[in-house]
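J.: To start, I am sharing the structure in question, which I have written as structure tokens.
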Amino acid sequence: MTSTTPPDGRASAHEQTATRSAAAPGFATRAVRTGHHRTPEGEHGEPIFTTSSFVFESAAEAAARFSGDQAGNIYSRFTNPTVSAFEERLASLEGGERCVATASGMSAILAVCMGLLEAGDHIVASRSLFGSTTLLFNKYLSRFGIATSYVPLGDPGAWDAAIRPETRLLFCETPSNPLTEMVDIRGLAEVAHRRGCLLAVDNCFCTPALQRPLELGADLVIHSATKYLDGQGRCVGGAVVGDRKLVGEGVFGVLRTAGPTMSPFNAWVFLKGLETLELRMLAHSRSAATLAEWLLAQPGIERVYYPGLSDHPQHHLVGSQQRTGGGIVAFDVRGGRDATWHLIDSTRLLSITANLGDVKTTIIHPATTTHGRLTPEERAAVGIGECLVRIAVGLEDIADIQSDLAPGLESLPRRVR
Ligand SMILES: *Cc1c(COP(=O)(O)O)cnc(C)c1O
């Protein structure tokens, strides 16, 4: 800080202003304030710009915008002020220079691959991934000459060993969907950079309120905004955050040309979602921790997967790398597929749906839904069995969530102690 404080300890008004603008606002402040550039109308709430294109003063100005000599909006496939407000706010929360919003989480991953990879390149990815991500790599990127190898998420040595001369990208989710496995991002970033690769982290489960991968050395953060960034299950969207070159040029170039763009309305929903993100993530985490402990004590349950439990293999990363355990709990029930489906079907309050990150608690059978398009061998390799259930804990009273699960749990075969 360059301002000097007078001997009596009071700063002049001018110095106070300088000091105030020099100190970076905190996370909660940026979540509420960053990204909205008030228009001459003086609106307090962020406006939705429902316009497909933008008007120029002259043909010369149009030419200058298109050539890039003059900054400004041209067409909403490229930029839109509401979308830009969301991008600016999320970039600030993740600690990145640039954010590009996309139509979905999957198109965010596709835009990263199209923007930064080419035929002949190789990806090393964790085995534990969102089902559609694995499918995108195996079924589609492979057709364009990009191969992928899979490694156990939490084993840095395995990542190192799988890297080839043509490997460009390491890709992981931490915690993973649905088993909440984690990896030390700092350690993995070190491996990536030593071997000349980029590290992309899908930060869907934690969001920047709990974990900021760029600060830990990752090059790219990917989001399904559909989940916690929205937080109320309304819109599908995605985002990529990183530096000016990778995201501002590489990923943005694909978006501008290929067009998996976020709509202004969806951007507005996500922008408002970011305002309550930290409060919600802490509340989801509190309830999920309570539910995980409670499930552990149920005789019909074989195993509970939750980062906050002391028997989780990477439990030590909670409190250091990620602030809390997050809102997702998975568990194996005793008794096979029928018993597992029966438990799911016996709930009345919980929603049987694939989404997560909603204020409403959701319950799903990953083996036949979110991960149903994987081969049985692929599922077995990851550890997604027929008896696995995933719950994304919402913001209802935890006692009501427990009461809703209790009758189904009662009817399960009991664990032999
Ligand atoms: C849902 C999800 C995605 C895909 O996002 P969409 O918005 O559904 O396209 C990617 N990664 C993870 C971890 C997810 O949960």
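Chain labels follow the order of the structure tokens: the first chain is A, the next B, and so on; residue numbering restarts at 1 in every chain, and ligands are counted from 1 in their shown order.
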Using DSSP assignments from the backbone, pull out every residue in segment 18-200 of chain A that falls under strand (DSSP E or B) and give it to me as a ChimeraX atom specification.
T.: /A:53,75,98-102,122-126,147-151,167-173,198-200
J.: Collect all residues with atoms no farther than 9 Å from ligand 1, counting only C-alpha atoms and all ligand atoms, and output them as JSON, numbers by chain.
T.: {"A": [103, 104, 105, 106, 107, 108, 109, 129, 130, 131, 132, 133, 173, 174, 175, 176, 177, 178, 202, 203, 204, 205, 222, 223, 224, 225, 226, 227, 235, 236, 237, 238, 354, 355, 356, 357, 370]}
J.: Counting only C-alpha atoms, what is within 9 Å of segment 315-329 of chain A, bar same-chain residues fewer than 4 positions away, as a PDB file with C-alpha atoms, in the first residue's frame?
T.:
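out_12.pdb written:
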ATOM      1  CA  PRO A 175     -14.399 -34.672  -5.930  1.00  0.00           C
ATOM      2  CA  ASN A 177     -19.091 -37.893  -9.623  1.00  0.00           C
ATOM      3  CA  PRO A 178     -20.581 -39.958  -7.990  1.00  0.00           C
ATOM      4  CA  LEU A 179     -18.002 -41.543  -5.645  1.00  0.00           C
ATOM      5  CA  THR A 180     -16.485 -38.281  -4.325  1.00  0.00           C
ATOM      6  CA  MET A 182     -10.386 -36.569  -4.639  1.00  0.00           C
ATOM      7  CA  VAL A 183      -6.912 -35.773  -5.952  1.00  0.00           C
ATOM      8  CA  ASP A 184      -4.280 -33.359  -4.653  1.00  0.00           C
ATOM      9  CA  ILE A 185      -4.605 -30.646  -7.330  1.00  0.00           C
ATOM     10  CA  ARG A 186      -1.262 -29.055  -6.429  1.00  0.00           C
ATOM     11  CA  PHE A 205     -18.937 -30.481  -7.040  1.00  0.00           C
ATOM     12  CA  CYS A 206     -17.108 -27.802  -5.034  1.00  0.00           C
ATOM     13  CA  ALA A 209     -16.964 -21.184  -2.816  1.00  0.00           C
ATOM     14  CA  LEU A 210     -15.202 -24.330  -1.558  1.00  0.00           C
ATOM     15  CA  GLN A 211     -12.232 -24.859  -3.903  1.00  0.00           C
ATOM     16  CA  ARG A 212     -10.258 -22.753  -6.369  1.00  0.00           C
ATOM     17  CA  PRO A 213      -8.171 -25.036  -8.620  1.00  0.00           C
ATOM     18  CA  LEU A 216      -3.582 -24.566  -6.697  1.00  0.00           C
ATOM     19  CA  MET A 281     -22.512 -24.456  -0.450  1.00  0.00           C
ATOM     20  CA  LEU A 282     -21.918 -24.194   3.279  1.00  0.00           C
ATOM     21  CA  ALA A 283     -25.533 -25.182   4.032  1.00  0.00           C
ATOM     22  CA  HIS A 284     -25.456 -28.108   1.544  1.00  0.00           C
ATOM     23  CA  SER A 285     -22.188 -29.263   3.132  1.00  0.00           C
ATOM     24  CA  ARG A 286     -23.540 -29.098   6.681  1.00  0.00           C
ATOM     25  CA  SER A 287     -26.580 -31.197   5.818  1.00  0.00           C
ATOM     26  CA  ALA A 288     -24.564 -33.654   3.703  1.00  0.00           C
ATOM     27  CA  ALA A 289     -22.121 -34.199   6.577  1.00  0.00           C
ATOM     28  CA  LEU A 291     -26.651 -37.278   6.451  1.00  0.00           C
ATOM     29  CA  ALA A 292     -23.374 -39.124   5.777  1.00  0.00           C
ATOM     30  CA  VAL A 304     -20.763 -44.450   2.586  1.00  0.00           C
ATOM     31  CA  TYR A 305     -18.698 -42.222   0.272  1.00  0.00           C
ATOM     32  CA  TYR A 306     -18.316 -38.665   1.563  1.00  0.00           C
ATOM     33  CA  PRO A 307     -15.124 -36.541   1.709  1.00  0.00           C
ATOM     34  CA  GLY A 308     -15.968 -35.321   5.209  1.00  0.00           C
ATOM     35  CA  LEU A 309     -15.935 -38.830   6.723  1.00  0.00           C
ATOM     36  CA  SER A 310     -12.689 -39.780   8.422  1.00  0.00           C
ATOM     37  CA  ASP A 311     -12.534 -43.129   6.546  1.00  0.00           C
ATOM     38  CA  LEU A 356     -27.605 -32.204  -8.540  1.00  0.00           C
ATOM     39  CA  GLY A 357     -26.795 -28.920  -6.859  1.00  0.00           C
ATOM     40  CA  VAL A 389     -27.074 -44.615  -4.673  1.00  0.00           C
ATOM     41  CA  ARG A 390     -26.174 -40.927  -5.051  1.00  0.00           C
ATOM     42  CA  ILE A 391     -27.895 -38.240  -3.048  1.00  0.00           C
ATOM     43  CA  ALA A 392     -27.354 -34.549  -3.727  1.00  0.00           C
ATOM     44  CA  VAL A 393     -28.399 -33.083  -0.416  1.00  0.00           C
ATOM     45  CA  GLY A 394     -30.661 -30.060  -0.767  1.00  0.00           C
TER      46      GLY A 394
END
J.: Identify, with DSSP run on backbone atoms, the residues in segment 118-315 of chain A assigned to alpha helix (DSSP H), and express the list as number ranges by chain.
T.: A: 131-135, 156-162, 185-194, 207-210, 252-258, 264-275, 277-296
J.: Which residues, written as a list in words, have at least one atom at most 10 Å from Ser411 of chain A, with only C-alpha atoms counted and residues fewer than 5 positions away on the same chain left out?
T.: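 Listed by chain and then number, they are Gly300, Ala339, His342, Leu343, Ser346 and Ala406 of chain A.
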J.: Which residue gives the smallest distance to Glu97 of chain A among A:Asp121, A:Asp69, A:Asp160, A:Glu215, with only C-alpha atoms counted?
T.: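 Of A:Asp121, A:Asp69, A:Asp160, A:Glu215, the one nearest Glu97 of chain A is A:Glu215, counting only C-alpha atoms.
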J.: If you measure from atom CA of Glu87 of chain A to atom CA of Cys172 of chain A, what distance in Å do you get, rounded to one decimal?
T.: 22.1 Å
J.: Neighbouring residues of Leu93 of chain A were defined as those with any atom within 12 Å, considering only C-alpha atoms; residues of the same chain fewer than 5 positions away were excluded. Please report them as a PyMOL selection string.
T.: chain A and resi 24-35+86-88+98-99+207-215+221+229+241-242+271+274-275+277-278
J.: Near segment 166-169 of chain A, within 6 Å and counting only C-alpha atoms, which residues show up once chain neighbours fewer than 2 positions away are dropped, as a list in words?
T.: Asp121, His122, Ile123, Ile163, Arg164, Cys197, Leu198 and Leu199 of chain A
J.: Can you tell me which residues surround segment 396-399 of chain A at a distance of at most 8 Å, considering only C-alpha atoms, apart from same-chain residues fewer than 4 positions away, and format the answer as an mmCIF file with N, CA, C and O atoms, in the first residue's frame?
T.:
data_model
loop_
_atom_site.group_PDB
_atom_site.id
_atom_site.type_symbol
_atom_site.label_atom_id
_atom_site.label_comp_id
_atom_site.auth_asym_id
_atom_site.auth_seq_id
_atom_site.Cartn_x
_atom_site.Cartn_y
_atom_site.Cartn_z
ATOM 1 N N SER A 287 -25.560 -30.146 5.850
ATOM 2 C CA SER A 287 -26.580 -31.197 5.818
ATOM 3 C C SER A 287 -26.011 -32.511 5.293
ATOM 4 O O SER A 287 -26.359 -33.581 5.789
ATOM 5 N N THR A 290 -24.102 -34.282 7.987
ATOM 6 C CA THR A 290 -25.029 -34.905 8.939
ATOM 7 C C THR A 290 -25.618 -36.181 8.349
ATOM 8 O O THR A 290 -25.689 -37.221 9.011
ATOM 9 N N LEU A 291 -26.046 -36.108 7.087
ATOM 10 C CA LEU A 291 -26.651 -37.278 6.451
ATOM 11 C C LEU A 291 -25.642 -38.416 6.323
ATOM 12 O O LEU A 291 -25.980 -39.582 6.571
ATOM 13 N N VAL A 359 -31.608 -26.863 -4.625
ATOM 14 C CA VAL A 359 -32.093 -26.725 -3.242
ATOM 15 C C VAL A 359 -32.965 -27.924 -2.855
ATOM 16 O O VAL A 359 -33.153 -28.206 -1.672
ATOM 17 N N LYS A 360 -33.529 -28.608 -3.834
ATOM 18 C CA LYS A 360 -34.312 -29.828 -3.579
ATOM 19 C C LYS A 360 -33.367 -31.028 -3.588
ATOM 20 O O LYS A 360 -32.567 -31.178 -4.514
ATOM 21 N N THR A 361 -33.482 -31.896 -2.596
ATOM 22 C CA THR A 361 -32.644 -33.087 -2.534
ATOM 23 C C THR A 361 -33.009 -34.053 -3.658
ATOM 24 O O THR A 361 -34.194 -34.303 -3.906
ATOM 25 N N SER A 403 -36.170 -38.808 7.588
ATOM 26 C CA SER A 403 -37.450 -39.530 7.731
ATOM 27 C C SER A 403 -37.910 -40.110 6.402
ATOM 28 O O SER A 403 -38.582 -41.141 6.372
#
J.: For Asp400 of chain A, which of A:Val191, A:Met114, A:Ile363, A:Leu350 is the closest residue, counting only C-alpha atoms?
T.: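 Residue with the minimum atom-to-atom distance to Asp400 of chain A: A:Leu350.
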J.: Which residue gives the smallest distance to Arg194 of chain A among A:Tyr228, A:Gln314, A:Trp159, A:Glu57, with only C-alpha atoms counted?
T.: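 Using only C-alpha atoms, the shortest distance to Arg194 of chain A belongs to A:Trp159.
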J.: Could you tell me which of A:Ser126, A:Thr369, A:Gln70, A:Thr353 comes closest to Val382 of chain A if we count only C-alpha atoms?
T.: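 Ranking A:Ser126, A:Thr369, A:Gln70, A:Thr353 by distance to Val382 of chain A, first place goes to A:Ser126.
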J.: Would you mind reading off the distance between atom CA of Arg234 of chain A and atom CA of Lys272 of chain A, one decimal, in Å?
T.: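 These two atoms are separated by 11.9 Å.
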J.: Report, in Å to a single decimal, how far apart atom CA of Gln232 of chain A and atom CA of Trp341 of chain A are.
T.: 25.5 Å
J.: Which is closest to Pro264 of chain A among A:Ala380, A:Ala85, A:Ile74, A:Cys113, if we use only C-alpha atoms?
T.: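 Comparing A:Ala380, A:Ala85, A:Ile74, A:Cys113 against Pro264 of chain A, the winner is A:Ala85.
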